[in-house]
Every structure is written in C-alpha cells, then in structure tokens.
file protein-v9.cif (mmCIF, N, CA, C and O atoms)
data_entry
loop_
_atom_site.label_atom_id
_atom_site.label_comp_id
_atom_site.auth_asym_id
_atom_site.auth_seq_id
_atom_site.Cartn_x
_atom_site.Cartn_y
_atom_site.Cartn_z
N CYS A 1 165.92 103.72 44.68
CA CYS A 1 167.34 103.85 44.43
C CYS A 1 168.09 103.04 45.50
O CYS A 1 168.00 103.32 46.68
N THR A 2 168.82 102.03 45.09
CA THR A 2 169.52 101.15 46.00
C THR A 2 171.01 101.47 45.98
O THR A 2 171.63 101.46 44.92
N THR A 3 171.59 101.77 47.14
CA THR A 3 173.01 102.06 47.23
C THR A 3 173.69 100.90 47.96
O THR A 3 173.21 100.43 48.96
N ASP A 4 174.83 100.47 47.43
CA ASP A 4 175.57 99.36 48.00
C ASP A 4 177.06 99.69 47.90
O ASP A 4 177.58 99.83 46.81
N LYS A 5 177.74 99.87 49.03
CA LYS A 5 179.17 100.13 48.97
C LYS A 5 179.86 98.84 48.53
O LYS A 5 179.65 97.79 49.11
N ILE A 6 180.62 98.95 47.49
CA ILE A 6 181.32 97.77 46.97
C ILE A 6 182.67 97.70 47.66
O ILE A 6 183.46 98.65 47.60
N ILE A 7 182.94 96.59 48.27
CA ILE A 7 184.15 96.45 49.06
C ILE A 7 185.35 96.06 48.18
O ILE A 7 186.41 96.60 48.33
N VAL A 8 185.15 95.15 47.25
CA VAL A 8 186.29 94.57 46.54
C VAL A 8 186.02 94.43 45.05
O VAL A 8 184.95 94.00 44.64
N ARG A 9 187.03 94.78 44.27
CA ARG A 9 187.06 94.38 42.87
C ARG A 9 187.53 92.94 42.90
O ARG A 9 188.63 92.64 43.35
N ARG A 10 186.71 92.03 42.46
CA ARG A 10 187.02 90.62 42.60
C ARG A 10 187.89 90.08 41.49
O ARG A 10 189.09 90.14 41.56
N SER A 11 187.28 89.57 40.47
CA SER A 11 188.00 88.85 39.43
C SER A 11 187.72 89.45 38.07
O SER A 11 186.77 90.18 37.88
N THR A 12 188.58 89.08 37.15
CA THR A 12 188.36 89.42 35.76
C THR A 12 188.05 88.13 35.04
O THR A 12 188.63 87.09 35.33
N PHE A 13 187.11 88.17 34.13
CA PHE A 13 186.83 86.99 33.33
C PHE A 13 186.63 87.39 31.88
O PHE A 13 186.34 88.54 31.57
N VAL A 14 186.83 86.45 30.99
CA VAL A 14 186.69 86.68 29.56
C VAL A 14 185.43 85.97 29.09
O VAL A 14 185.21 84.81 29.41
N ALA A 15 184.61 86.71 28.36
CA ALA A 15 183.41 86.14 27.74
C ALA A 15 183.44 86.59 26.29
O ALA A 15 183.28 87.77 26.01
N GLY A 16 183.71 85.66 25.41
CA GLY A 16 183.87 86.03 24.00
C GLY A 16 185.13 86.85 23.85
O GLY A 16 186.16 86.55 24.45
N PRO A 17 185.08 87.93 23.09
CA PRO A 17 186.29 88.74 22.88
C PRO A 17 186.54 89.79 23.96
O PRO A 17 187.52 90.51 23.91
N ASN A 18 185.67 89.87 24.97
CA ASN A 18 185.75 90.95 25.96
C ASN A 18 186.15 90.45 27.34
O ASN A 18 185.84 89.33 27.72
N GLU A 19 186.83 91.33 28.09
CA GLU A 19 187.16 91.06 29.49
C GLU A 19 186.21 91.87 30.37
O GLU A 19 185.92 93.03 30.07
N TYR A 20 185.79 91.26 31.46
CA TYR A 20 184.88 91.92 32.39
C TYR A 20 185.44 91.86 33.79
O TYR A 20 186.14 90.92 34.16
N GLN A 21 185.12 92.87 34.58
CA GLN A 21 185.52 92.94 35.97
C GLN A 21 184.30 92.65 36.83
O GLN A 21 183.24 93.21 36.60
N ILE A 22 184.49 91.78 37.81
CA ILE A 22 183.41 91.47 38.75
C ILE A 22 183.67 92.23 40.05
O ILE A 22 184.77 92.24 40.57
N PHE A 23 182.63 92.86 40.54
CA PHE A 23 182.65 93.55 41.82
C PHE A 23 181.68 92.83 42.74
O PHE A 23 180.58 92.47 42.32
N ALA A 24 182.06 92.65 44.00
CA ALA A 24 181.17 91.99 44.95
C ALA A 24 180.70 93.01 45.97
O ALA A 24 181.49 93.58 46.70
N GLY A 25 179.40 93.22 45.97
CA GLY A 25 178.79 94.07 46.99
C GLY A 25 178.23 93.20 48.09
O GLY A 25 178.40 91.99 48.08
N THR A 26 177.56 93.81 49.03
CA THR A 26 177.00 93.03 50.12
C THR A 26 175.71 92.34 49.71
O THR A 26 175.32 91.34 50.31
N GLU A 27 175.05 92.86 48.67
CA GLU A 27 173.77 92.28 48.26
C GLU A 27 173.73 91.84 46.81
O GLU A 27 172.77 91.22 46.39
N LYS A 28 174.76 92.16 46.02
CA LYS A 28 174.68 91.91 44.59
C LYS A 28 176.08 91.82 44.00
O LYS A 28 177.02 92.41 44.53
N VAL A 29 176.19 91.12 42.90
CA VAL A 29 177.42 91.10 42.12
C VAL A 29 177.23 92.06 40.96
O VAL A 29 176.17 92.11 40.34
N HIS A 30 178.27 92.85 40.67
CA HIS A 30 178.21 93.84 39.61
C HIS A 30 179.28 93.51 38.57
O HIS A 30 180.39 93.12 38.92
N ILE A 31 178.96 93.70 37.29
CA ILE A 31 179.87 93.36 36.20
C ILE A 31 179.99 94.56 35.27
O ILE A 31 178.98 95.16 34.89
N CYS A 32 181.23 94.91 34.92
CA CYS A 32 181.41 95.96 33.91
C CYS A 32 182.64 95.62 33.08
O CYS A 32 183.52 94.89 33.53
N PRO A 33 182.70 96.14 31.84
CA PRO A 33 183.86 95.88 30.99
C PRO A 33 185.15 96.38 31.64
O PRO A 33 185.20 97.49 32.18
N LYS A 34 186.18 95.55 31.61
CA LYS A 34 187.45 95.91 32.23
C LYS A 34 188.07 97.13 31.57
O LYS A 34 188.72 97.94 32.22
N ALA A 35 187.83 97.30 30.27
CA ALA A 35 188.39 98.45 29.56
C ALA A 35 187.93 99.77 30.15
O ALA A 35 188.67 100.76 30.12
N PHE A 36 186.73 99.81 30.72
CA PHE A 36 186.22 101.04 31.33
C PHE A 36 187.07 101.48 32.52
O PHE A 36 187.08 102.65 32.88
N LEU A 37 187.76 100.53 33.14
CA LEU A 37 188.51 100.82 34.36
C LEU A 37 189.97 101.17 34.09
O LEU A 37 190.67 101.64 34.98
N GLU A 38 190.45 100.96 32.88
CA GLU A 38 191.87 101.14 32.59
C GLU A 38 192.34 102.58 32.80
O GLU A 38 193.46 102.81 33.23
N VAL A 39 191.49 103.56 32.53
CA VAL A 39 191.90 104.96 32.68
C VAL A 39 192.02 105.39 34.14
O VAL A 39 192.68 106.38 34.44
N ILE A 40 191.41 104.65 35.05
CA ILE A 40 191.48 105.04 36.47
C ILE A 40 192.33 104.10 37.30
O ILE A 40 192.52 104.32 38.48
N ASP A 41 192.89 103.06 36.68
CA ASP A 41 193.68 102.09 37.44
C ASP A 41 194.99 102.66 37.97
O ASP A 41 195.65 102.04 38.78
N ASP A 42 195.40 103.85 37.53
CA ASP A 42 196.63 104.46 38.03
C ASP A 42 196.48 104.99 39.45
O ASP A 42 197.46 105.17 40.15
N TYR A 43 195.25 105.23 39.87
CA TYR A 43 195.00 105.70 41.23
C TYR A 43 195.17 104.54 42.20
O TYR A 43 194.75 103.42 41.92
N GLU A 44 195.80 104.81 43.33
CA GLU A 44 196.09 103.74 44.27
C GLU A 44 194.91 103.35 45.15
O GLU A 44 194.67 102.19 45.38
N ILE A 45 194.19 104.32 45.67
CA ILE A 45 193.11 104.02 46.60
C ILE A 45 191.79 104.42 45.94
O ILE A 45 191.52 105.60 45.76
N LEU A 46 191.02 103.43 45.59
CA LEU A 46 189.73 103.66 44.96
C LEU A 46 188.63 103.04 45.80
O LEU A 46 188.83 101.99 46.42
N THR A 47 187.49 103.68 45.82
CA THR A 47 186.31 103.14 46.48
C THR A 47 185.23 103.03 45.43
O THR A 47 185.06 103.92 44.61
N TYR A 48 184.53 101.91 45.45
CA TYR A 48 183.49 101.66 44.47
C TYR A 48 182.14 101.61 45.18
O TYR A 48 181.99 100.97 46.21
N TYR A 49 181.16 102.26 44.58
CA TYR A 49 179.79 102.23 45.08
C TYR A 49 178.88 101.82 43.93
O TYR A 49 179.15 102.14 42.77
N ALA A 50 177.80 101.16 44.24
CA ALA A 50 176.80 100.83 43.22
C ALA A 50 175.51 101.55 43.58
O ALA A 50 175.07 101.53 44.72
N ILE A 51 174.96 102.21 42.60
CA ILE A 51 173.64 102.81 42.73
C ILE A 51 172.83 102.26 41.57
O ILE A 51 173.10 102.57 40.41
N ASP A 52 171.90 101.38 41.90
CA ASP A 52 171.13 100.66 40.89
C ASP A 52 172.09 99.96 39.93
O ASP A 52 172.84 99.13 40.35
N ASP A 53 172.09 100.33 38.65
CA ASP A 53 172.95 99.66 37.67
C ASP A 53 174.17 100.47 37.29
O ASP A 53 174.77 100.26 36.25
N MET A 54 174.56 101.41 38.14
CA MET A 54 175.74 102.22 37.89
C MET A 54 176.78 101.95 38.96
O MET A 54 176.45 101.72 40.12
N ILE A 55 178.04 101.98 38.56
CA ILE A 55 179.14 101.83 39.50
C ILE A 55 179.85 103.17 39.57
O ILE A 55 180.30 103.70 38.57
N ILE A 56 179.92 103.73 40.78
CA ILE A 56 180.57 105.02 41.01
C ILE A 56 181.97 104.73 41.52
O ILE A 56 182.15 103.99 42.49
N VAL A 57 182.97 105.32 40.88
CA VAL A 57 184.37 105.11 41.26
C VAL A 57 184.90 106.41 41.85
O VAL A 57 184.83 107.46 41.21
N LYS A 58 185.42 106.32 43.09
CA LYS A 58 185.91 107.51 43.78
C LYS A 58 187.33 107.29 44.29
O LYS A 58 187.70 106.20 44.66
N ALA A 59 188.09 108.38 44.28
CA ALA A 59 189.40 108.43 44.93
C ALA A 59 189.25 109.52 45.98
O ALA A 59 189.22 110.70 45.64
N GLY A 60 189.09 109.12 47.22
CA GLY A 60 188.79 110.09 48.27
C GLY A 60 187.43 110.71 48.00
O GLY A 60 186.44 110.00 47.79
N LEU A 61 187.37 112.03 47.95
CA LEU A 61 186.12 112.73 47.68
C LEU A 61 185.90 112.96 46.18
O LEU A 61 184.83 113.37 45.76
N LEU A 62 186.92 112.70 45.39
CA LEU A 62 186.87 112.94 43.95
C LEU A 62 186.19 111.78 43.23
O LEU A 62 186.61 110.63 43.34
N THR A 63 185.12 112.08 42.50
CA THR A 63 184.47 111.05 41.68
C THR A 63 185.22 110.96 40.36
O THR A 63 185.32 111.93 39.62
N LEU A 64 185.78 109.78 40.10
CA LEU A 64 186.56 109.57 38.88
C LEU A 64 185.72 109.10 37.72
O LEU A 64 186.06 109.32 36.57
N GLY A 65 184.64 108.41 38.02
CA GLY A 65 183.82 107.92 36.93
C GLY A 65 182.53 107.30 37.40
O GLY A 65 182.38 106.92 38.55
N VAL A 66 181.61 107.24 36.46
CA VAL A 66 180.34 106.55 36.67
C VAL A 66 180.24 105.53 35.54
O VAL A 66 180.22 105.89 34.36
N LEU A 67 180.22 104.27 35.90
CA LEU A 67 180.22 103.20 34.91
C LEU A 67 178.86 102.54 34.86
O LEU A 67 178.25 102.29 35.90
N CYS A 68 178.40 102.25 33.69
CA CYS A 68 177.14 101.51 33.55
C CYS A 68 177.45 100.03 33.61
O CYS A 68 178.34 99.54 32.94
N GLU A 69 176.70 99.35 34.43
CA GLU A 69 176.87 97.91 34.56
C GLU A 69 176.44 97.22 33.27
O GLU A 69 175.51 97.65 32.60
N THR A 70 177.15 96.15 32.93
CA THR A 70 176.85 95.40 31.72
C THR A 70 175.84 94.30 32.04
O THR A 70 175.97 93.60 33.02
N HIS A 71 174.86 94.15 31.18
CA HIS A 71 173.86 93.10 31.33
C HIS A 71 173.97 92.11 30.17
O HIS A 71 174.45 92.46 29.10
N GLY A 72 173.54 90.90 30.38
CA GLY A 72 173.53 89.91 29.32
C GLY A 72 174.84 89.18 29.13
O GLY A 72 174.97 88.37 28.22
N VAL A 73 175.82 89.46 29.98
CA VAL A 73 177.12 88.80 29.86
C VAL A 73 177.06 87.39 30.43
O VAL A 73 177.61 86.45 29.89
N VAL A 74 176.36 87.26 31.56
CA VAL A 74 176.27 85.97 32.23
C VAL A 74 175.20 85.14 31.54
O VAL A 74 174.01 85.44 31.61
N THR A 75 175.65 84.10 30.85
CA THR A 75 174.76 83.20 30.14
C THR A 75 174.83 81.83 30.78
O THR A 75 175.72 81.56 31.60
N GLN A 76 173.93 80.94 30.40
CA GLN A 76 173.96 79.58 30.93
C GLN A 76 175.27 78.89 30.53
O GLN A 76 175.86 78.15 31.32
N GLU A 77 175.76 79.17 29.34
CA GLU A 77 177.02 78.59 28.89
C GLU A 77 178.18 79.04 29.77
O GLU A 77 179.02 78.24 30.18
N LEU A 78 178.21 80.33 30.10
CA LEU A 78 179.26 80.84 30.99
C LEU A 78 179.15 80.21 32.37
O LEU A 78 180.16 79.80 32.95
N LEU A 79 177.94 80.10 32.89
CA LEU A 79 177.75 79.45 34.20
C LEU A 79 178.21 78.00 34.18
O LEU A 79 178.85 77.53 35.12
N ASN A 80 177.90 77.28 33.10
CA ASN A 80 178.34 75.90 32.97
C ASN A 80 179.86 75.82 32.96
O ASN A 80 180.45 74.95 33.61
N ASP A 81 180.51 76.73 32.22
CA ASP A 81 181.97 76.75 32.18
C ASP A 81 182.55 77.03 33.55
O ASP A 81 183.51 76.39 33.98
N ILE A 82 181.98 77.99 34.26
CA ILE A 82 182.48 78.34 35.59
C ILE A 82 182.28 77.19 36.57
O ILE A 82 183.17 76.87 37.36
N ASN A 83 181.13 76.53 36.52
CA ASN A 83 180.87 75.39 37.40
C ASN A 83 181.84 74.25 37.11
O ASN A 83 182.37 73.61 38.03
N SER A 84 182.09 73.99 35.84
CA SER A 84 183.04 72.95 35.46
C SER A 84 184.44 73.29 35.95
O SER A 84 185.15 72.45 36.49
N MET A 85 184.84 74.55 35.76
CA MET A 85 186.15 75.00 36.21
C MET A 85 186.25 74.90 37.73
O MET A 85 187.27 74.50 38.27
N HIS A 86 185.17 75.26 38.43
CA HIS A 86 185.16 75.16 39.89
C HIS A 86 185.44 73.73 40.32
O HIS A 86 186.24 73.48 41.22
N ASP A 87 184.78 72.77 39.70
CA ASP A 87 184.96 71.37 40.07
C ASP A 87 186.41 70.93 39.84
O ASP A 87 187.00 70.25 40.68
N MET A 88 186.99 71.33 38.72
CA MET A 88 188.38 70.96 38.43
C MET A 88 189.34 71.63 39.41
O MET A 88 190.29 71.00 39.89
N LEU A 89 189.10 72.90 39.72
CA LEU A 89 189.95 73.60 40.67
C LEU A 89 189.83 73.01 42.07
O LEU A 89 190.82 72.93 42.80
N GLN A 90 188.63 72.57 42.44
CA GLN A 90 188.44 71.94 43.75
C GLN A 90 189.27 70.67 43.85
O GLN A 90 189.89 70.40 44.87
N GLU A 91 189.31 69.89 42.78
CA GLU A 91 190.12 68.67 42.75
C GLU A 91 191.61 68.99 42.91
O GLU A 91 192.32 68.33 43.67
N VAL A 92 192.09 70.02 42.21
CA VAL A 92 193.49 70.42 42.32
C VAL A 92 193.79 70.88 43.74
O VAL A 92 194.79 70.49 44.33
N PHE A 93 192.91 71.69 44.31
CA PHE A 93 193.09 72.19 45.66
C PHE A 93 193.15 71.04 46.66
O PHE A 93 194.03 70.98 47.52
N ASN A 94 192.21 70.10 46.55
CA ASN A 94 192.18 68.95 47.46
C ASN A 94 193.45 68.13 47.36
O ASN A 94 194.02 67.70 48.36
N ARG A 95 193.90 67.92 46.12
CA ARG A 95 195.12 67.14 45.90
C ARG A 95 196.33 67.85 46.52
O ARG A 95 197.17 67.22 47.17
N GLU A 96 196.41 69.18 46.35
CA GLU A 96 197.53 69.92 46.92
C GLU A 96 197.50 69.90 48.45
O GLU A 96 198.54 69.81 49.10
N CYS A 97 196.31 69.96 49.02
CA CYS A 97 196.18 69.88 50.49
C CYS A 97 196.64 68.52 50.98
O CYS A 97 197.34 68.43 52.00
N GLU A 98 196.27 67.46 50.28
CA GLU A 98 196.70 66.11 50.67
C GLU A 98 198.22 65.99 50.59
O GLU A 98 198.84 65.40 51.48
N GLU A 99 198.82 66.57 49.55
CA GLU A 99 200.27 66.51 49.41
C GLU A 99 200.97 67.27 50.53
O GLU A 99 201.98 66.83 51.05
N LYS A 100 200.42 68.43 50.92
CA LYS A 100 200.99 69.20 52.02
C LYS A 100 200.90 68.43 53.32
O LYS A 100 201.83 68.41 54.12
N ASP A 101 199.75 67.77 53.55
CA ASP A 101 199.58 66.97 54.76
C ASP A 101 200.58 65.83 54.80
O ASP A 101 201.18 65.56 55.84
N LYS A 102 200.78 65.15 53.68
CA LYS A 102 201.76 64.06 53.63
C LYS A 102 203.15 64.58 53.91
O LYS A 102 203.92 63.97 54.65
N SER A 103 203.49 65.73 53.32
CA SER A 103 204.80 66.32 53.51
C SER A 103 205.02 66.67 54.98
O SER A 103 206.09 66.40 55.53
N ARG A 104 204.00 67.26 55.62
CA ARG A 104 204.12 67.59 57.05
C ARG A 104 204.30 66.33 57.89
O ARG A 104 205.08 66.31 58.84
N ASN A 105 203.54 65.29 57.57
CA ASN A 105 203.66 64.04 58.32
C ASN A 105 205.06 63.44 58.19
O ASN A 105 205.62 62.95 59.16
N TYR A 106 205.64 63.49 56.99
CA TYR A 106 207.00 62.98 56.79
C TYR A 106 208.01 63.81 57.58
O TYR A 106 208.93 63.27 58.19
N GLU A 107 207.82 65.14 57.58
CA GLU A 107 208.72 66.02 58.33
C GLU A 107 208.63 65.74 59.83
O GLU A 107 209.64 65.67 60.51
N GLN A 108 207.42 65.56 60.34
CA GLN A 108 207.25 65.27 61.77
C GLN A 108 207.85 63.91 62.12
O GLN A 108 208.47 63.75 63.15
N LEU A 109 207.65 62.95 61.24
CA LEU A 109 208.22 61.61 61.47
C LEU A 109 209.74 61.67 61.49
O LEU A 109 210.38 61.08 62.34
N ALA A 110 210.32 62.43 60.58
CA ALA A 110 211.78 62.56 60.51
C ALA A 110 212.32 63.26 61.76
O ALA A 110 213.41 62.93 62.24
N MET A 111 211.57 64.22 62.29
CA MET A 111 212.03 64.93 63.47
C MET A 111 211.97 64.09 64.73
O MET A 111 212.75 64.28 65.65
N THR A 112 211.06 63.11 64.78
CA THR A 112 210.92 62.28 65.98
C THR A 112 211.91 61.12 65.97
O THR A 112 212.11 60.49 67.00
N GLU A 113 212.50 60.85 64.84
CA GLU A 113 213.46 59.72 64.79
C GLU A 113 214.83 60.10 65.21
O GLU A 113 215.31 61.10 65.29
#

call {"tool": "encode", "arguments": {"input": "protein-v9.cif", "output": "structure tokens"}}
result
Amino acid sequence: CTTDKIIVRRSTFVAGPNEYQIFAGTEKVHICPKAFLEVIDDYEILTYYAIDDMIIVKAGLLTLGVLCETHGVVTQELLNDINSMHDMLQEVFNRECEEKDKSRNYEQLAMTE
C-alpha cells in the first residue's frame, strides 16, 4: 500500500467528451474525472492523498470522498497533442520574454537620455 500526500490539484484537460483533473504527487501523477470533484469544490481547504489508485479528499479531519483514479485516459495521441502544444507554448513564451526585454531596454534608454 503506497501513500503519497498530494500537494496540488494541477490542471484540467479534455480527452474526448470528458474533462479530467490532474493531481501531482511527489512520486506519481494521478488523474480522475473532473465531474467527481464538483460536489466537493465548495469546500475552501482540501487536502488530497493517494493510496494506490484511490484519491482521498479531506477537509480537515473530515473525509469528503474517495475517488478511483482513471486509467487508460493517457494515450499516445494525447501525449503527442500535449507535446505539440508544449512546443507552441514555448515559442509564445520565448517571444513574449523577448518583447519584455526589448521594452525594458527602450525604457532604460529613454531614462538615460
């Protein structure tokens, strides 16, 4: 039995007609349908734990739910899409950083004149 305190609910992604929530643990990534979490999203402070393929959701000492992790969602096609998106986002990020650097250089030049 492997226990892993999950620190953060990371991202939501869509695969086919369904939305999934990604959780990042210290040793593993966990995926479950986002719809499973809608009934507990009203609570402000939640802690997530993973025990094998289950995600335990707690608010303080109160256990709000036990979610079964979804398998078979991550396919080679999804990985290809994510890798392609990563490359495009990296280009946008790099371009925005270059624009910020140029803007700062112009501001510094204007201040020295």

call {"tool": "select_by_dssp", "arguments": {"input": "protein-v9.cif", "residues": "chain A", "states": "strand (DSSP E or B)", "output": "VMD selection string"}}
result
chain A and resid 3 to 6 8 to 15 18 to 24 29 to 33 47 to 51 54 to 59 62 to 68

call {"tool": "closest_residue", "arguments": {"input": "protein-v9.cif", "among": "A:Thr70, A:Gln90, A:Thr63, A:Thr75", "to": "Val29 in chain A", "atoms": "only C-alpha atoms"}}
result
A:Thr70

call {"tool": "closest_atom_pairs", "arguments": {"input": "protein-v9.cif", "of": "range 70-113 of chain A", "to": "range 5-24 of chain A", "cutoff": "9 Å", "atoms": "only C-alpha atoms", "output": "tab-separated table"}}
result
residue	atom	partner	partner_atom	distance
A:Thr70	CA	A:Tyr20	CA	8.8
A:Val73	CA	A:Ala15	CA	7.2
A:Val74	CA	A:Ala15	CA	8.4
A:Leu78	CA	A:Ala15	CA	7.5

call {"tool": "atom_distance", "arguments": {"input": "protein-v9.cif", "atom1": "CA of Cys68 in chain A", "atom2": "CA of Asn80 in chain A"}}
result
25.6 Å

call {"tool": "atom_distance", "arguments": {"input": "protein-v9.cif", "atom1": "CA of Leu62 in chain A", "atom2": "CA of Cys32 in chain A"}}
result
20.5 Å

call {"tool": "atom_distance", "arguments": {"input": "protein-v9.cif", "atom1": "atom N of Gln76 in chain A", "atom2": "CA of Ile31 in chain A"}}
result
14.9 Å

call {"tool": "axis_aligned_box", "arguments": {"input": "protein-v9.cif", "around": "range 87-100 of chain A", "padding_each_side": "5 Å", "output": "JSON"}}
result
{"center_x": 193.4, "center_y": 69.5, "center_z": 46.3, "size_x": 27.2, "size_y": 18.2, "size_z": 25.7}

call {"tool": "resolve_selection", "arguments": {"input": "protein-v9.cif", "expression": "the PyMOL selection byres ((chain A and resi 67) around 4.5)", "output": "VMD selection string"}}
result
chain A and resid 53 to 55 65 to 66 68 to 69

call {"tool": "residues_around", "arguments": {"input": "protein-v9.cif", "residues": "Ile56 in chain A", "least_positions_apart": "4", "cutoff": "4.5 Å", "atoms": "all atoms listed in the file", "output": "PyMOL selection string"}}
result
chain A and resi 47-49+65

call {"tool": "closest_residue", "arguments": {"input": "protein-v9.cif", "among": "A:Met85, A:His71, A:Glu44, A:Leu79", "to": "Ala59 in chain A", "atoms": "only N, CA, C and O atoms"}}
result
A:Glu44

call {"tool": "decode", "arguments": {"input": "protein-v9.cif", "residues": "range 85-93 of chain A", "atoms": "all heavy atoms", "output": "PDB file, in the first residue's frame"}}
result
ATOM      1  N   MET A  85       1.547  20.972 -28.239  1.00  0.00           N
ATOM      2  CA  MET A  85       1.088  22.181 -27.566  1.00  0.00           C
ATOM      3  C   MET A  85       2.222  22.794 -26.748  1.00  0.00           C
ATOM      4  O   MET A  85       2.400  24.011 -26.726  1.00  0.00           O
ATOM      5  CB  MET A  85      -0.105  21.857 -26.671  1.00  0.00           C
ATOM      6  CG  MET A  85      -0.741  23.064 -26.030  1.00  0.00           C
ATOM      7  SD  MET A  85      -1.547  24.150 -27.206  1.00  0.00           S
ATOM      8  CE  MET A  85      -2.887  23.110 -27.747  1.00  0.00           C
ATOM      9  N   HIS A  86       3.004  21.954 -26.081  1.00  0.00           N
ATOM     10  CA  HIS A  86       4.138  22.446 -25.299  1.00  0.00           C
ATOM     11  C   HIS A  86       5.096  23.226 -26.190  1.00  0.00           C
ATOM     12  O   HIS A  86       5.547  24.317 -25.834  1.00  0.00           O
ATOM     13  CB  HIS A  86       4.861  21.277 -24.629  1.00  0.00           C
ATOM     14  CG  HIS A  86       6.139  21.685 -23.971  1.00  0.00           C
ATOM     15  ND1 HIS A  86       7.348  21.673 -24.628  1.00  0.00           N
ATOM     16  CD2 HIS A  86       6.383  22.158 -22.724  1.00  0.00           C
ATOM     17  CE1 HIS A  86       8.291  22.113 -23.814  1.00  0.00           C
ATOM     18  NE2 HIS A  86       7.733  22.404 -22.658  1.00  0.00           N
ATOM     19  N   ASP A  87       5.417  22.687 -27.352  1.00  0.00           N
ATOM     20  CA  ASP A  87       6.347  23.357 -28.256  1.00  0.00           C
ATOM     21  C   ASP A  87       5.797  24.708 -28.704  1.00  0.00           C
ATOM     22  O   ASP A  87       6.521  25.709 -28.743  1.00  0.00           O
ATOM     23  CB  ASP A  87       6.636  22.483 -29.476  1.00  0.00           C
ATOM     24  CG  ASP A  87       7.393  21.209 -29.112  1.00  0.00           C
ATOM     25  OD1 ASP A  87       7.956  21.144 -27.997  1.00  0.00           O
ATOM     26  OD2 ASP A  87       7.403  20.274 -29.937  1.00  0.00           O
ATOM     27  N   MET A  88       4.511  24.761 -29.026  1.00  0.00           N
ATOM     28  CA  MET A  88       3.901  26.027 -29.452  1.00  0.00           C
ATOM     29  C   MET A  88       3.870  27.039 -28.310  1.00  0.00           C
ATOM     30  O   MET A  88       4.153  28.218 -28.509  1.00  0.00           O
ATOM     31  CB  MET A  88       2.494  25.787 -29.989  1.00  0.00           C
ATOM     32  CG  MET A  88       2.472  25.058 -31.328  1.00  0.00           C
ATOM     33  SD  MET A  88       0.822  24.929 -32.044  1.00  0.00           S
ATOM     34  CE  MET A  88       0.116  23.626 -31.045  1.00  0.00           C
ATOM     35  N   LEU A  89       3.533  26.568 -27.108  1.00  0.00           N
ATOM     36  CA  LEU A  89       3.507  27.465 -25.954  1.00  0.00           C
ATOM     37  C   LEU A  89       4.901  27.969 -25.609  1.00  0.00           C
ATOM     38  O   LEU A  89       5.067  29.126 -25.209  1.00  0.00           O
ATOM     39  CB  LEU A  89       2.884  26.764 -24.747  1.00  0.00           C
ATOM     40  CG  LEU A  89       1.385  26.512 -24.840  1.00  0.00           C
ATOM     41  CD1 LEU A  89       0.930  25.617 -23.698  1.00  0.00           C
ATOM     42  CD2 LEU A  89       0.610  27.814 -24.847  1.00  0.00           C
ATOM     43  N   GLN A  90       5.917  27.128 -25.778  1.00  0.00           N
ATOM     44  CA  GLN A  90       7.288  27.552 -25.520  1.00  0.00           C
ATOM     45  C   GLN A  90       7.682  28.678 -26.470  1.00  0.00           C
ATOM     46  O   GLN A  90       8.317  29.650 -26.060  1.00  0.00           O
ATOM     47  CB  GLN A  90       8.254  26.373 -25.670  1.00  0.00           C
ATOM     48  CG  GLN A  90       9.681  26.701 -25.273  1.00  0.00           C
ATOM     49  CD  GLN A  90       9.824  26.965 -23.789  1.00  0.00           C
ATOM     50  OE1 GLN A  90       9.424  26.141 -22.978  1.00  0.00           O
ATOM     51  NE2 GLN A  90      10.381  28.100 -23.422  1.00  0.00           N
ATOM     52  N   GLU A  91       7.282  28.577 -27.727  1.00  0.00           N
ATOM     53  CA  GLU A  91       7.561  29.638 -28.701  1.00  0.00           C
ATOM     54  C   GLU A  91       6.879  30.945 -28.301  1.00  0.00           C
ATOM     55  O   GLU A  91       7.486  32.014 -28.372  1.00  0.00           O
ATOM     56  CB  GLU A  91       7.097  29.211 -30.092  1.00  0.00           C
ATOM     57  CG  GLU A  91       7.967  28.163 -30.730  1.00  0.00           C
ATOM     58  CD  GLU A  91       7.447  27.748 -32.105  1.00  0.00           C
ATOM     59  OE1 GLU A  91       6.760  28.553 -32.767  1.00  0.00           O
ATOM     60  OE2 GLU A  91       7.741  26.603 -32.505  1.00  0.00           O
ATOM     61  N   VAL A  92       5.619  30.876 -27.876  1.00  0.00           N
ATOM     62  CA  VAL A  92       4.893  32.071 -27.442  1.00  0.00           C
ATOM     63  C   VAL A  92       5.576  32.677 -26.222  1.00  0.00           C
ATOM     64  O   VAL A  92       5.791  33.884 -26.158  1.00  0.00           O
ATOM     65  CB  VAL A  92       3.414  31.724 -27.135  1.00  0.00           C
ATOM     66  CG1 VAL A  92       2.715  32.880 -26.438  1.00  0.00           C
ATOM     67  CG2 VAL A  92       2.679  31.326 -28.400  1.00  0.00           C
ATOM     68  N   PHE A  93       5.943  31.842 -25.261  1.00  0.00           N
ATOM     69  CA  PHE A  93       6.608  32.321 -24.055  1.00  0.00           C
ATOM     70  C   PHE A  93       7.925  33.006 -24.393  1.00  0.00           C
ATOM     71  O   PHE A  93       8.215  34.104 -23.904  1.00  0.00           O
ATOM     72  CB  PHE A  93       6.844  31.152 -23.096  1.00  0.00           C
ATOM     73  CG  PHE A  93       7.567  31.538 -21.842  1.00  0.00           C
ATOM     74  CD1 PHE A  93       6.903  32.204 -20.822  1.00  0.00           C
ATOM     75  CD2 PHE A  93       8.910  31.244 -21.687  1.00  0.00           C
ATOM     76  CE1 PHE A  93       7.569  32.561 -19.664  1.00  0.00           C
ATOM     77  CE2 PHE A  93       9.582  31.598 -20.535  1.00  0.00           C
ATOM     78  CZ  PHE A  93       8.913  32.259 -19.523  1.00  0.00           C
TER      79      PHE A  93
END
